[in-house]
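Written out below as structure tokens is the structure these notes cover.
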There are 4 protein chains.
Amino acid sequence: MRFFSDNAAAVCPEILEAFAASNRLDTAYDGDALSRSLDARFSELFETEVRALWVPSGTAANCLALAALVPPHGGVVCHHEAHIQQDEGGAPEFFTHGAKLLLAHGDGAKLTPESIAARIDPIRDDVHQVQPHAISITNATEYGLAYTPDEVAAIGALARTRGLGFHMDGARFANAVVHMGCSPADVTWRAGVDALSFGFVKNGGMNAEALIFFRTDLADATLYRRKRAGMLFSKGRYMAAQLLAMLDKDVWLRNARAANAGAALLARAAGERLVYPVEANEVFLKASAEEAAHLRSLGFDFYDWAPGEVRLVISWDQDEAAIRPLADAIAAL
Amino acid sequence: MRFFSDNAAAVCPEILEAFAASNRLDTAYDGDALSRSLDARFSELFETEVRALWVPSGTAANCLALAALVPPHGGVVCHHEAHIQQDEGGAPEFFTHGAKLLLAHGDGAKLTPESIAARIDPIRDDVHQVQPHAISITNATEYGLAYTPDEVAAIGALARTRGLGFHMDGARFANAVVHMGCSPADVTWRAGVDALSFGFVKNGGMNAEALIFFRTDLADATLYRRKRAGMLFSKGRYMAAQLLAMLDKDVWLRNARAANAGAALLARAAGERLVYPVEANEVFLKASAEEAAHLRSLGFDFYDWAPGEVRLVISWDQDEAAIRPLADAIAAL
Amino acid sequence: MRFFSDNAAAVCPEILEAFAASNRLDTAYDGDALSRSLDARFSELFETEVRALWVPSGTAANCLALAALVPPHGGVVCHHEAHIQQDEGGAPEFFTHGAKLLLAHGDGAKLTPESIAARIDPIRDDVHQVQPHAISITNATEYGLAYTPDEVAAIGALARTRGLGFHMDGARFANAVVHMGCSPADVTWRAGVDALSFGFVKNGGMNAEALIFFRTDLADATLYRRKRAGMLFSKGRYMAAQLLAMLDKDVWLRNARAANAGAALLARAAGERLVYPVEANEVFLKASAEEAAHLRSLGFDFYDWAPGEVRLVISWDQDEAAIRPLADAIAAL
Amino acid sequence: MRFFSDNAAAVCPEILEAFAASNRLDTAYDGDALSRSLDARFSELFETEVRALWVPSGTAANCLALAALVPPHGGVVCHHEAHIQQDEGGAPEFFTHGAKLLLAHGDGAKLTPESIAARIDPIRDDVHQVQPHAISITNATEYGLAYTPDEVAAIGALARTRGLGFHMDGARFANAVVHMGCSPADVTWRAGVDALSFGFVKNGGMNAEALIFFRTDLADATLYRRKRAGMLFSKGRYMAAQLLAMLDKDVWLRNARAANAGAALLARAAGERLVYPVEANEVFLKASAEEAAHLRSLGFDFYDWAPGEVRLVISWDQDEAAIRPLADAIAAL
């Protein structure tokens, strides 16, 4: 059984059904009825007017958001373990034409106003140093921690004070929202977020994510950038269909609840072994090389993360029956 | 009935079936078995060793190919009506970091060694002028003309003589191959082509195209560029599945034959009205504004292309029953 | 005697004197008194508040201006023979991160509202086509023609109507102003120009040009771009000193008058051989290969420009004694 | 008396004399005799065949070198306090089209094979992480430390082993060479350096630096990049003249010896207050805010560097008479 990553899970059936239902000739690009309905549908979800674009990957969502917030000569504050810094192959630099990532620190890949200020306060206000233009946080973080609305709002306040844009990488946004039990609005625009990469793929989607602009003035130029990035697919309705299928009947929340529940089950089994509290669908576990090998010998696959530390990620479609054996094996270590 | 573009047609059923068949947890990105089989499968098709990457759009395929062939300070010779110049929103300049398109001319958007030489011979060999590094042709062209293998080979010879890379935009490669009745190899690498954007989407695909490198040394760096462009999707198997489903049992040829046959039907009805010979699935027709309006009043939709000229594009799923009424209406004009 | 180009002439003595006068320790970069005086000095010259930056080449001035006016996904309308298109090695694409040059036509490399509209009117207002964001004209043009203030104003009116920025490449601005006998203001901001590359190097300078922003809001971000381009030199006072030395006592006008007078002398000798009216310091002459060879055999050096056509450029320091022999030789052809 | 930076000092008289001597019409760009002599002159200095280009700033030299060594999707290992990271306004990202700086650590801004390996060893060899393509060190470092030839060679060996390019930012190369008493060759190509930014401006130059390629195959494409960056000045002979004037009669060594001697004088006065050994022309001094204020009250100007720490930089033209009063004041603190 694989616990490598939720990004390798199956696609949830509602999406394949939506493909079948959309499978007729329609207007190309984003001129079809499904694509054109996204603004309204996401505005309803977020209880405010938003602009919503389908994009084909989380990297695309993140980088188009950053390109909207930061000029080529500017900088983006992010955690030094953020996905945009560690795992996107330089895509932020590509889409922004060379903006610089300004690396801040914090436990569990979580930023605070203090850690952000510690990074940007020493920057001289002159043309010799790259000036910050935006902050990017990941929610849930790369270590599966969810920001409370208040924590986001504190960063949002800093962003506003310093005149910085504010982006949230929500590759696991659903898992964070489910954990917090808050409304999507509370942890985004009400807390000062300008743009959200709203992840669906890790949560049961195929290859469509949503890029949400709460600052709606940023969307129009982004339409040009999306096209210029080769990402305005001609049969866009199959992208919109994925997003709509997952919003419908709250499939996105259902899937995230399932994954979070699986992780909670492992967390209870892990007890003192936990490196971080489990607030989403990722479990970081202290385990010796021998213990990890033992688990693998039982048929469980996962990544080593650091010396003496492994990562387990639960997917939307791994139910208790699938996870219980691993929980038992961990408890028995 | 819509004849706007083949890029808006439905997805062929083999693809949806392939999704269902692939819908289980697998290795992420391009590490799955389907993605890893592409090199071999396309090598077989092309009768030589190739590297084959899935990419999500024709623009992506074109621009990643150009980025592999041309440095940022270089130039690409293409037709002034080429898709990369007219309809990709500056994507070639984005992916190549600002390489210049050097525009050549020719009837029906077709290039020849002579028209290419006419563009590049006047370029002084100094650092003040952007030097050509590659040639890009479209086959079938933007006006639905197919290059013969000999025509391609003549350009290939020029490319080799001048030390230029050679890219083929094959958004409608299937239609061209069907028209020529040649092997895919004859009209590509045997004729000197280094990289091919092998289109599937217009031919019944959803959002996967193949980028084929006959110069296999160009592929490795392109893997980095694809990732950096936000296009290494985590569930890559659904991309590979699309391509494989269309290669299987020659679905790609079946679909292209159907579309070409439909266009041929219209061509016979159009007679003297044809602006260009019909060699693929596009029909350019002389029609006055009144005639165009009349056709539309009968329920046929299509684009005006130029004053007194309209474009009709046939899709893989428009059979004779769907097309016959339009053919009759054209004949009756 | 060389008539290749004014860009190879000696530096006028006032500049070397200014170096000697500035040659002491001062504040680095553009913090010295000379650099800080440029805004005021050029504001006085242009009779309005401007921002003035020293930059080390005309290409730098042009491209920083374009980067201020056009986003990476936008386009710049220019003449197909404009220096930015033909002779800057792709620098506009580099500085703008890949904006596209949209090529318009016109005799003598001169644009009109009509020729500009002919280029941009067919552009569809959608994300598939690169949209124009600015117009760039060269004054005097690459063929030595000067725009009247009214001609510039007509283009300025079009720019305003279409929401386009307006840049003037004034590599030979001095020669154009001298020919028109107008104020620098009349042919720039009063006619709608937003940014001017004000050339000094061809007019007796060494390596300093001025980039003038009439839209002063564009200057601050340009300071960052100039630094990022490696062009904020640490001893900036020697750049400012060049510009100030040439403004002082109207040296810039004196030099341009001398060069224009030399060209006029040749023009009178050339008579019917002139390809264009001589309005600056360039003379384009019909001359057979034999005639050109004859002139060269007499010791005159110059470029062939086109079949049967040669170019002669007069520099600020070529006086009547230097030019008279060439005039006589031309008259005697 | 100012001790802010050597980058604000006067220009040495040999340069102004060279301008006067070069001040006649010549071939434009880098076609003049002086520019064409640079390869030979620097090859002689370095005792091997090199390619030598004039460029107008240290940032330009650094960034053109990096662009030659690193693709846009690659990374450059440098110290986290390196000038390219801290003080070039994002120029490395601009010239390389977004390559990433990979920050390593070490006392006194000095790198070692171990500190470099510590940064790059954890990078997974896959497309998700930016791969290192080059190492860049600064000699003398930002804290005035000089690398021994052996120290450079150890890094050069690592670079070779890992297949990385090797760049040296020699903004104060002369000061380092003088300190080491080694040949320029020993501390560069013999130690594995591929490209050197050879600084002249801080050492008495005006606005010309030399970019030296020991890997001569990298030079030709750099000529295109220099042009594309707006840095191929039309009157290039005044650039070459600066470099040649400073090589002639070893003016570059004379100037560096003078600056180093001044720094050594301060170092002796400073004793235990020194933060780093003084190996070039920079002195970092422990001094309380009160002590710094006291020195300033005596007429000495300098930068605060860190809490309780100030920086003093000696220029080529500050002789013992100029420095002695500061040395005495420091000794008397």
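Going by the structure tokens order, chains are called A, B, ..., each with residues numbered from 1, while ligands are numbered from 1 in the order shown.
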
Could you write out as JSON, numbers by chain the residues of chain D within 8 Å of chain C, counting only C-alpha atoms? {"D": [7, 8, 9, 10, 11, 16, 19, 20, 23, 24, 25, 26, 27, 28, 29, 56, 57, 58, 59, 60, 88, 89, 90, 91, 94, 95, 206, 207, 224, 227, 228, 229, 230, 231, 233, 234, 235, 238]}

Please provide the set of residues having any atom within 12 Å of Val70 in chain A, restricted to only C-alpha atoms, with same-chain residues fewer than 2 positions apart removed, written as JSON, numbers by chain. {"A": [63, 64, 65, 66, 67, 68, 72, 73, 74, 75, 76, 77, 92, 93, 95, 96, 97, 98, 99, 100, 101, 130, 131, 132, 133, 134, 135, 136, 163, 164, 165, 166, 167, 218]}

Give the alpha helix (DSSP H) residues of range 92-132 of chain B, as DSSP finds them on the backbone, and put them as JSON, numbers by chain. {"B": [92, 93, 94, 95, 113, 114, 115, 116, 117, 118, 119, 120]}

When you look at Ser288 in chain A with a cut-off of 10 Å (counting only C-alpha atoms), what residues show up, excluding the ones that are within fewer than 3 positions of it in the same chain? I need them as a PDB file with N, CA, C and O atoms, in the first residue's frame.
```
ATOM      1  N   LEU A 285       6.783  11.246  10.913  1.00  0.00           N
ATOM      2  CA  LEU A 285       6.952  10.273  11.982  1.00  0.00           C
ATOM      3  C   LEU A 285       8.426  10.069  12.270  1.00  0.00           C
ATOM      4  O   LEU A 285       9.232   9.921  11.348  1.00  0.00           O
ATOM      5  N   GLU A 291      13.199   0.636  11.706  1.00  0.00           N
ATOM      6  CA  GLU A 291      11.736   0.683  11.801  1.00  0.00           C
ATOM      7  C   GLU A 291      11.104   0.951  10.438  1.00  0.00           C
ATOM      8  O   GLU A 291      10.097   0.334  10.067  1.00  0.00           O
ATOM      9  N   ALA A 292      11.700   1.867   9.707  1.00  0.00           N
ATOM     10  CA  ALA A 292      11.173   2.164   8.371  1.00  0.00           C
ATOM     11  C   ALA A 292      11.264   0.923   7.483  1.00  0.00           C
ATOM     12  O   ALA A 292      10.318   0.586   6.750  1.00  0.00           O
ATOM     13  N   ALA A 293      12.394   0.247   7.579  1.00  0.00           N
ATOM     14  CA  ALA A 293      12.557  -0.966   6.776  1.00  0.00           C
ATOM     15  C   ALA A 293      11.523  -2.019   7.172  1.00  0.00           C
ATOM     16  O   ALA A 293      10.958  -2.727   6.325  1.00  0.00           O
ATOM     17  N   HIS A 294      11.253  -2.094   8.442  1.00  0.00           N
ATOM     18  CA  HIS A 294      10.259  -3.050   8.912  1.00  0.00           C
ATOM     19  C   HIS A 294       8.877  -2.738   8.320  1.00  0.00           C
ATOM     20  O   HIS A 294       8.178  -3.629   7.813  1.00  0.00           O
ATOM     21  N   PRO A 307      16.870  12.246   8.223  1.00  0.00           N
ATOM     22  CA  PRO A 307      17.395  11.131   9.010  1.00  0.00           C
ATOM     23  C   PRO A 307      16.489  10.861  10.206  1.00  0.00           C
ATOM     24  O   PRO A 307      16.169  11.774  10.988  1.00  0.00           O
ATOM     25  N   GLY A 308      16.033   9.621  10.324  1.00  0.00           N
ATOM     26  CA  GLY A 308      15.174   9.263  11.449  1.00  0.00           C
ATOM     27  C   GLY A 308      13.750   9.751  11.340  1.00  0.00           C
ATOM     28  O   GLY A 308      13.021   9.786  12.333  1.00  0.00           O
ATOM     29  N   GLU A 309      13.347  10.114  10.118  1.00  0.00           N
ATOM     30  CA  GLU A 309      12.029  10.726   9.945  1.00  0.00           C
ATOM     31  C   GLU A 309      11.424  10.253   8.621  1.00  0.00           C
ATOM     32  O   GLU A 309      12.113  10.267   7.596  1.00  0.00           O
ATOM     33  N   VAL A 310      10.183   9.843   8.655  1.00  0.00           N
ATOM     34  CA  VAL A 310       9.520   9.438   7.407  1.00  0.00           C
ATOM     35  C   VAL A 310       8.231  10.241   7.232  1.00  0.00           C
ATOM     36  O   VAL A 310       7.706  10.815   8.192  1.00  0.00           O
TER      37      VAL A 310
END
```

Return as a VMD selection string the full set of residues in range 108-169 of chain A whose backbone-based DSSP assignment is strand (DSSP E or B). chain A and resid 131 to 138 165 to 169

Can you write just those residues out, N, CA, C and O atoms, as a CSV table (one decimal), in the first residue's frame?
```csv
chain,number,residue,atom,x,y,z
A,131,GLN,N,13.7,44.3,-3.6
A,131,GLN,CA,12.7,44.7,-2.7
A,131,GLN,C,11.6,43.6,-2.6
A,131,GLN,O,11.2,43.1,-3.7
A,132,PRO,N,11.1,43.4,-1.4
A,132,PRO,CA,9.9,42.5,-1.4
A,132,PRO,C,8.7,43.1,-2.0
A,132,PRO,O,8.4,44.3,-1.8
A,133,HIS,N,7.9,42.3,-2.7
A,133,HIS,CA,6.7,42.8,-3.3
A,133,HIS,C,5.5,41.9,-2.9
A,133,HIS,O,4.3,42.3,-3.1
A,134,ALA,N,5.8,40.7,-2.4
A,134,ALA,CA,4.7,39.8,-2.0
A,134,ALA,C,5.2,38.8,-0.9
A,134,ALA,O,6.4,38.6,-0.8
A,135,ILE,N,4.2,38.3,-0.3
A,135,ILE,CA,4.4,37.1,0.7
A,135,ILE,C,3.6,36.0,0.1
A,135,ILE,O,2.5,36.1,-0.4
A,136,SER,N,4.2,34.8,0.2
A,136,SER,CA,3.5,33.6,-0.2
A,136,SER,C,3.6,32.6,1.0
A,136,SER,O,4.7,32.3,1.5
A,137,ILE,N,2.5,32.1,1.4
A,137,ILE,CA,2.4,31.0,2.4
A,137,ILE,C,1.7,29.8,1.9
A,137,ILE,O,1.0,29.9,0.9
A,138,THR,N,2.0,28.7,2.5
A,138,THR,CA,1.3,27.4,2.0
A,138,THR,C,0.4,27.0,3.1
A,138,THR,O,0.8,26.8,4.3
A,165,GLY,N,1.8,42.2,-1.8
A,165,GLY,CA,0.8,41.3,-2.1
A,165,GLY,C,0.8,40.0,-1.2
A,165,GLY,O,1.8,39.8,-0.6
A,166,PHE,N,-0.2,39.3,-1.3
A,166,PHE,CA,-0.3,38.1,-0.4
A,166,PHE,C,-0.9,36.9,-1.1
A,166,PHE,O,-2.1,37.0,-1.5
A,167,HIS,N,-0.1,35.9,-1.3
A,167,HIS,CA,-0.6,34.7,-2.0
A,167,HIS,C,-0.6,33.5,-1.0
A,167,HIS,O,0.3,33.4,-0.2
A,168,MET,N,-1.6,32.7,-1.3
A,168,MET,CA,-1.7,31.4,-0.5
A,168,MET,C,-1.6,30.3,-1.5
A,168,MET,O,-2.4,30.1,-2.4
A,169,ASP,N,-0.6,29.4,-1.2
A,169,ASP,CA,-0.5,28.2,-2.0
A,169,ASP,C,-1.4,27.2,-1.3
A,169,ASP,O,-1.0,26.7,-0.2
```

Can you work out the spacing between CA of Arg124 in chain D and CA of Gly108 in chain A in Å, to one decimal?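 Pair CA of Arg124 in chain D / CA of Gly108 in chain A returns 20.6 Å.
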
Mind pulling up the distance from CA of Ala269 in chain A to CA of Ala322 in chain A?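 CA of Ala269 in chain A lies at a distance of 14.5 Å from CA of Ala322 in chain A.
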
Near Cys182 in chain B, counting only C-alpha atoms, which residues have an atom at most 9 Å away, once you skip same-chain residues fewer than 4 positions from it, shown as a list in words?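 Answer for this query is Thr148, Pro149, Val177, Val178, Asp186 and Val187 of chain B.
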
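From CA of Arg257 in chain A back to CA of Gly204 in chain A, the distance works out to 12.0 Å.
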
Please list as a ChimeraX atom specification every residue within 8 Å of Ser115 in chain A, counting only C-alpha atoms and excluding residues in the same chain fewer than 2 positions away. /A:104-106,111-113,117-119

Taking all heavy atoms for each residue, export the selection above as a PDB file, in the first residue's frame.
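And here's out_34.pdb as it stands now:
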```pdb
ATOM      1  N   ALA A 104      12.426  32.914   4.329  1.00  0.00           N
ATOM      2  CA  ALA A 104      12.230  33.096   5.766  1.00  0.00           C
ATOM      3  C   ALA A 104      12.128  31.728   6.424  1.00  0.00           C
ATOM      4  O   ALA A 104      12.082  30.689   5.750  1.00  0.00           O
ATOM      5  CB  ALA A 104      10.968  33.926   6.019  1.00  0.00           C
ATOM      6  N   HIS A 105      12.090  31.731   7.742  1.00  0.00           N
ATOM      7  CA  HIS A 105      12.175  30.486   8.487  1.00  0.00           C
ATOM      8  C   HIS A 105      11.014  30.345   9.464  1.00  0.00           C
ATOM      9  O   HIS A 105      10.295  31.296   9.730  1.00  0.00           O
ATOM     10  CB  HIS A 105      13.517  30.419   9.216  1.00  0.00           C
ATOM     11  CG  HIS A 105      14.680  30.480   8.281  1.00  0.00           C
ATOM     12  ND1 HIS A 105      15.188  29.374   7.648  1.00  0.00           N
ATOM     13  CD2 HIS A 105      15.388  31.542   7.809  1.00  0.00           C
ATOM     14  CE1 HIS A 105      16.170  29.737   6.849  1.00  0.00           C
ATOM     15  NE2 HIS A 105      16.314  31.043   6.917  1.00  0.00           N
ATOM     16  N   GLY A 106      10.858  29.140   9.971  1.00  0.00           N
ATOM     17  CA  GLY A 106       9.797  28.884  10.940  1.00  0.00           C
ATOM     18  C   GLY A 106       9.534  27.396  11.021  1.00  0.00           C
ATOM     19  O   GLY A 106       9.655  26.681  10.018  1.00  0.00           O
ATOM     20  N   LEU A 111       5.074  30.341   8.441  1.00  0.00           N
ATOM     21  CA  LEU A 111       5.584  31.702   8.610  1.00  0.00           C
ATOM     22  C   LEU A 111       4.739  32.466   9.622  1.00  0.00           C
ATOM     23  O   LEU A 111       3.567  32.139   9.847  1.00  0.00           O
ATOM     24  CB  LEU A 111       5.576  32.441   7.271  1.00  0.00           C
ATOM     25  CG  LEU A 111       6.538  31.927   6.203  1.00  0.00           C
ATOM     26  CD1 LEU A 111       6.434  32.793   4.944  1.00  0.00           C
ATOM     27  CD2 LEU A 111       7.973  31.924   6.708  1.00  0.00           C
ATOM     28  N   THR A 112       5.350  33.475  10.195  1.00  0.00           N
ATOM     29  CA  THR A 112       4.641  34.384  11.101  1.00  0.00           C
ATOM     30  C   THR A 112       5.030  35.804  10.711  1.00  0.00           C
ATOM     31  O   THR A 112       6.038  36.014  10.021  1.00  0.00           O
ATOM     32  CB  THR A 112       5.077  34.172  12.561  1.00  0.00           C
ATOM     33  OG1 THR A 112       6.497  34.425  12.653  1.00  0.00           O
ATOM     34  CG2 THR A 112       4.786  32.743  13.026  1.00  0.00           C
ATOM     35  N   PRO A 113       4.286  36.781  11.162  1.00  0.00           N
ATOM     36  CA  PRO A 113       4.700  38.162  10.895  1.00  0.00           C
ATOM     37  C   PRO A 113       6.127  38.409  11.362  1.00  0.00           C
ATOM     38  O   PRO A 113       6.895  39.116  10.695  1.00  0.00           O
ATOM     39  CB  PRO A 113       3.692  38.992  11.706  1.00  0.00           C
ATOM     40  CG  PRO A 113       2.473  38.129  11.777  1.00  0.00           C
ATOM     41  CD  PRO A 113       2.995  36.718  11.858  1.00  0.00           C
ATOM     42  N   ALA A 117       9.135  39.558   8.975  1.00  0.00           N
ATOM     43  CA  ALA A 117       9.813  40.836   9.241  1.00  0.00           C
ATOM     44  C   ALA A 117      11.313  40.628   9.417  1.00  0.00           C
ATOM     45  O   ALA A 117      12.122  41.454   8.966  1.00  0.00           O
ATOM     46  CB  ALA A 117       9.212  41.500  10.483  1.00  0.00           C
ATOM     47  N   ALA A 118      11.670  39.515  10.049  1.00  0.00           N
ATOM     48  CA  ALA A 118      13.097  39.253  10.246  1.00  0.00           C
ATOM     49  C   ALA A 118      13.817  39.112   8.915  1.00  0.00           C
ATOM     50  O   ALA A 118      15.002  39.415   8.799  1.00  0.00           O
ATOM     51  CB  ALA A 118      13.289  37.986  11.081  1.00  0.00           C
ATOM     52  N   ARG A 119      13.110  38.672   7.894  1.00  0.00           N
ATOM     53  CA  ARG A 119      13.739  38.535   6.580  1.00  0.00           C
ATOM     54  C   ARG A 119      13.788  39.852   5.834  1.00  0.00           C
ATOM     55  O   ARG A 119      14.762  40.140   5.139  1.00  0.00           O
ATOM     56  CB  ARG A 119      12.982  37.487   5.744  1.00  0.00           C
ATOM     57  CG  ARG A 119      13.520  37.313   4.332  1.00  0.00           C
ATOM     58  CD  ARG A 119      14.943  36.773   4.341  1.00  0.00           C
ATOM     59  NE  ARG A 119      15.565  36.686   3.028  1.00  0.00           N
ATOM     60  CZ  ARG A 119      16.183  37.678   2.415  1.00  0.00           C
ATOM     61  NH1 ARG A 119      16.260  38.875   2.985  1.00  0.00           N
ATOM     62  NH2 ARG A 119      16.738  37.501   1.230  1.00  0.00           N
TER      63      ARG A 119
END
```

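Excluding Ala195 in chain A itself and same-chain residues fewer than 3 positions from it, the residues having an atom within 6 Å of it are A:His167, A:Ile212, A:Phe213, A:Phe214, counting only C-alpha atoms.
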
The selected residues should be written to file as an mmCIF file, in the first residue's frame (atoms: N, CA, C and O atoms).
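Final output, part-v3.cif:
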```cif
data_model
loop_
_atom_site.group_PDB
_atom_site.id
_atom_site.type_symbol
_atom_site.label_atom_id
_atom_site.label_comp_id
_atom_site.auth_asym_id
_atom_site.auth_seq_id
_atom_site.Cartn_x
_atom_site.Cartn_y
_atom_site.Cartn_z
ATOM 1 N N HIS A 167 -0.126 35.926 -1.257
ATOM 2 C CA HIS A 167 -0.550 34.726 -1.982
ATOM 3 C C HIS A 167 -0.576 33.529 -1.045
ATOM 4 O O HIS A 167 0.298 33.387 -0.185
ATOM 5 N N ILE A 212 -7.579 31.564 -7.860
ATOM 6 C CA ILE A 212 -8.625 32.480 -7.403
ATOM 7 C C ILE A 212 -8.015 33.840 -7.102
ATOM 8 O O ILE A 212 -7.058 33.935 -6.326
ATOM 9 N N PHE A 213 -8.555 34.863 -7.726
ATOM 10 C CA PHE A 213 -8.128 36.231 -7.422
ATOM 11 C C PHE A 213 -9.202 36.921 -6.586
ATOM 12 O O PHE A 213 -10.316 37.148 -7.058
ATOM 13 N N PHE A 214 -8.851 37.234 -5.358
ATOM 14 C CA PHE A 214 -9.729 38.084 -4.545
ATOM 15 C C PHE A 214 -9.529 39.538 -4.951
ATOM 16 O O PHE A 214 -10.448 40.330 -4.882
#
```
